[in-house]
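Peer 1: Right, I'll just put the structure down here and ask away after.
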Amino acid sequence: MKIAFYSPLKSPNHPVPSGDRLMARLLMAALVTAGHTVEIASEVRAFLPDTAADAIAARSVVAQAERARLSALWREHGAPDLWFCYHPYYKAPDLIGPALAREFGLGYVTAEASYSNRRNTGLWQQMQQHVLDAVEQASVNICLTRRDSDGLAAAAPAARLAMLPPFLDPALFLERSPEPRPGRLITVAMMRSGDKMDSYAMLAQALSRLTHLPWQLSVAGDGPRAADVHSLFAGFDEGRIIWHGEQTATEIAGLLSSAALYVWPGCGEAYGLAYLEAQAAGLPVVAQEIAGVPEVVMQGRTGLLTPPGDIDAYAQAIGLLLTDGAERTALAGAARTFAGGERSLGTAASRLGVILDDYVQQVR
């Protein structure tokens with residue numbers, strides 16, 4: 001099929017790296033691997049940081065103009081077979097694709113759509129309705145986590161849902177042989193307000209309970225709260241924390257290959273592609289059993305998951321894998337097999353191809 005791909009939150013071409021941008025690119029790669037032709041349909045960003053009425057009105061005008069542009073383009077040069085929308089949610093609904101799909105009789109698919117009743121307040125309710133309408137219209141809604149699937153099923157019982165677990169392209173990580181340095185911990189995360197800062201704070205508190213053990217933490221990441229993150233770790237002895245700043249994908253792969261353990265609490269994580277990257281590099285993960293993290297870290301198989309908010313339990317889990325080399329090694333091997341096989345781009349492409357065959361071909 002010829003697929004028009006759209007990501008209302010952040011285009012795959014957006015200059016700022018993020019998990020959203022990466023997953024958008026991975027989905028496009030999986031669609032191509034499955035034999036489809038994929039083009040980015042629009043660079044229009046629907047993201048609204050707040051519910052100012054004038055901002056919503058302005059977005060609607062922009063979306064209407066984009067629909068008109070694409071409609072004229074397709075009438076002249078031919079329409080795609082399918083509109084594929086990645087990650088519509090209350091702050092970034094798809095204001096373009098559903099109307100075009102109806103106009104041209106296209107298949108319409110969402111991936112990682114999310115809906116939460118608690119967002120139905122004020123003007124957000126209007127944005128939520130756009131998401132709900134799109135989910136109900138979709139030939140299929142591809143869910144990456146059980147939490148999203150449950151949320152959509154509750155809000156739209158008649159919606160068609162299919163599961164596609166989070167995945168990655170493991171090639172960059174599998175081409176390097178793991179050479180873990182004893183005691184080397186690593187985390188890779190942006191430094192910004194909200195859940196990221198909460199995770200950095202929890203990590204610093206947990207490590208403060210482990211100063212009797214020999215460890216060194218590598219931190220790869222940067223962002224607007226970098227100074228605050230640095231201050232969280234200011235009490236540790238010199239040499240305990242190594243700050244690498246923002247790194248390229250290749251540089252991150254190199255850092256991961258020389259570490260022994262990936263540590264990131266994961267406060268509020270939708271799932272966390274960084275966890276899959278670490279596991280593909282042969283690293284066990286220590287995280288919280290929270291939000292979507294259990295979708296990408298298999299408790300007791302590829303890492304250890306601790307109760308949400310329990311700093312002592314989190315510290316103890318890190319301590320266990322710092323001192324039990326046999327357990328760490330067993331988890332490391334299973335993690336590399338899991339991320340490099342079960343959650344690989346090739347496996348996801350096969351699953352995605354089946355989903356589109358099962359749902360979209362039947363509708364068209």
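So you can find residues: chains in the structure tokens are A, B, ... in the order shown, residues in each start at 1, and ligands are numbered from 1 in order.
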Quick one: residues within 8 Å of A:Ala113, only C-alpha atoms, excluding same-chain residues fewer than 4 positions away - as JSON, numbers by chain?

Peer 2: {"A": [86, 87, 88, 89, 131, 135, 141, 142, 143, 148, 152]}

Peer 1: Those same residues, written as a PDB file, in the first residue's frame with N, CA and C atoms?

Peer 2:
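Writing the result to again.pdb gives the following:
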ATOM      1  N   TYR A  86       0.352   8.478  13.988  1.00  0.00           N
ATOM      2  CA  TYR A  86       1.074   8.031  15.173  1.00  0.00           C
ATOM      3  C   TYR A  86       0.881   8.979  16.347  1.00  0.00           C
ATOM      4  N   HIS A  87       0.447   8.442  17.463  1.00  0.00           N
ATOM      5  CA  HIS A  87       0.355   9.068  18.782  1.00  0.00           C
ATOM      6  C   HIS A  87      -0.590  10.273  18.857  1.00  0.00           C
ATOM      7  N   PRO A  88      -1.835  10.101  18.442  1.00  0.00           N
ATOM      8  CA  PRO A  88      -2.815  11.146  18.741  1.00  0.00           C
ATOM      9  C   PRO A  88      -3.260  11.043  20.202  1.00  0.00           C
ATOM     10  N   TYR A  89      -3.277  12.160  20.881  1.00  0.00           N
ATOM     11  CA  TYR A  89      -3.769  12.191  22.271  1.00  0.00           C
ATOM     12  C   TYR A  89      -4.299  13.584  22.535  1.00  0.00           C
ATOM     13  N   VAL A 131      -9.868  12.933  19.455  1.00  0.00           N
ATOM     14  CA  VAL A 131      -9.164  11.649  19.571  1.00  0.00           C
ATOM     15  C   VAL A 131     -10.155  10.499  19.544  1.00  0.00           C
ATOM     16  N   VAL A 135     -10.418   7.394  16.865  1.00  0.00           N
ATOM     17  CA  VAL A 135     -10.283   6.006  17.308  1.00  0.00           C
ATOM     18  C   VAL A 135     -11.478   5.181  16.834  1.00  0.00           C
ATOM     19  N   ASN A 141      -6.770   0.392  15.604  1.00  0.00           N
ATOM     20  CA  ASN A 141      -5.929   1.197  16.484  1.00  0.00           C
ATOM     21  C   ASN A 141      -4.843   0.284  17.038  1.00  0.00           C
ATOM     22  N   ILE A 142      -3.597   0.567  16.687  1.00  0.00           N
ATOM     23  CA  ILE A 142      -2.473  -0.268  17.089  1.00  0.00           C
ATOM     24  C   ILE A 142      -1.970   0.228  18.437  1.00  0.00           C
ATOM     25  N   CYS A 143      -2.047  -0.629  19.441  1.00  0.00           N
ATOM     26  CA  CYS A 143      -1.674  -0.249  20.806  1.00  0.00           C
ATOM     27  C   CYS A 143      -0.318  -0.848  21.153  1.00  0.00           C
ATOM     28  N   ASP A 148      -2.679   1.546  27.256  1.00  0.00           N
ATOM     29  CA  ASP A 148      -3.361   2.284  26.196  1.00  0.00           C
ATOM     30  C   ASP A 148      -4.526   1.481  25.633  1.00  0.00           C
ATOM     31  N   LEU A 152      -8.478   2.732  25.614  1.00  0.00           N
ATOM     32  CA  LEU A 152      -9.288   2.873  24.405  1.00  0.00           C
ATOM     33  C   LEU A 152     -10.517   1.969  24.458  1.00  0.00           C
TER      34      LEU A 152
END

Peer 1: Give me, as a list of chain:residue names, all polymer residues having an atom no more than 12 Å from A:Phe104, counting only C-alpha atoms and skipping those fewer than 2 positions away in the same chain.

Peer 2: A:Arg67, A:Leu70, A:Ser71, A:Ala72, A:Trp74, A:Arg75, A:Gly78, A:Ala79, A:Pro80, A:Asp81, A:Leu82, A:Trp83, A:Gly97, A:Pro98, A:Ala99, A:Leu100, A:Ala101, A:Arg102, A:Leu106, A:Gly107, A:Tyr108, A:Arg364

Peer 1: Counting only C-alpha atoms, which residues in stretch 199-298 of chain A sit no more than 6 Å from stretch 331-334 of chain A? For each one, give the nearest pair of atoms and the distance in Å, sorted by chain then residue number, as a tab-separated table.

Peer 2:
residue	atom	partner	partner_atom	distance
A:Gly282	CA	A:Ala332	CA	5.0
A:Leu283	CA	A:Ala332	CA	5.0
A:Pro284	CA	A:Ala332	CA	4.8

Peer 1: Please dump the current selection as a short mmCIF file (atom, residue, chain, number, x, y, z; two decimals), in the first residue's frame; keep C-alpha atoms.

Peer 2:
data_model
loop_
_atom_site.label_atom_id
_atom_site.label_comp_id
_atom_site.auth_asym_id
_atom_site.auth_seq_id
_atom_site.Cartn_x
_atom_site.Cartn_y
_atom_site.Cartn_z
CA GLY A 282 23.45 -6.63 26.78
CA LEU A 283 22.53 -4.66 29.88
CA PRO A 284 20.08 -5.75 32.56
#

Peer 1: Quick one: residues within 6 Å of stretch 33-41 of chain A, only C-alpha atoms, excluding same-chain residues fewer than 2 positions away - as a ChimeraX atom specification?

Peer 2: /A:1-6,30-31,349,353

Peer 1: If DSSP is run on the backbone, what residues of stretch 11-184 of chain A are helix (DSSP H, G or I)? A reply as a PyMOL selection string would be ideal.

Peer 2: chain A and resi 19-33+53-77+97-104+117-119+124-137+146-155+171-174

Peer 1: Would you mind listing what lies within 10 Å of A:Ala227 as a PyMOL selection string, with only C-alpha atoms counted and same-chain residues fewer than 5 positions away left out?

Peer 2: chain A and resi 191+222+232

Peer 1: Choose the residue, out of A:Ser350, A:Ser258, A:Gln361, A:Thr110, that has the smallest atom-to-atom separation from A:Arg184; count only C-alpha atoms.

Peer 2: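 For A:Arg184, the nearest of the candidates is A:Ser258.
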
Peer 1: Identify which of the residues A:Ile56, A:Ala65, A:Met190, A:Cys267 lies closest to A:Gln247, counting only C-alpha atoms when measuring atom-to-atom distances.

Peer 2: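 Nearest candidate to A:Gln247 out of A:Ile56, A:Ala65, A:Met190, A:Cys267: A:Met190.
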
Peer 1: Take atom CA of A:Glu76 and atom CA of A:Val44 and report the distance between them in Å, one decimal.

Peer 2: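 Rounded to one decimal, the two atoms are 21.2 Å apart.
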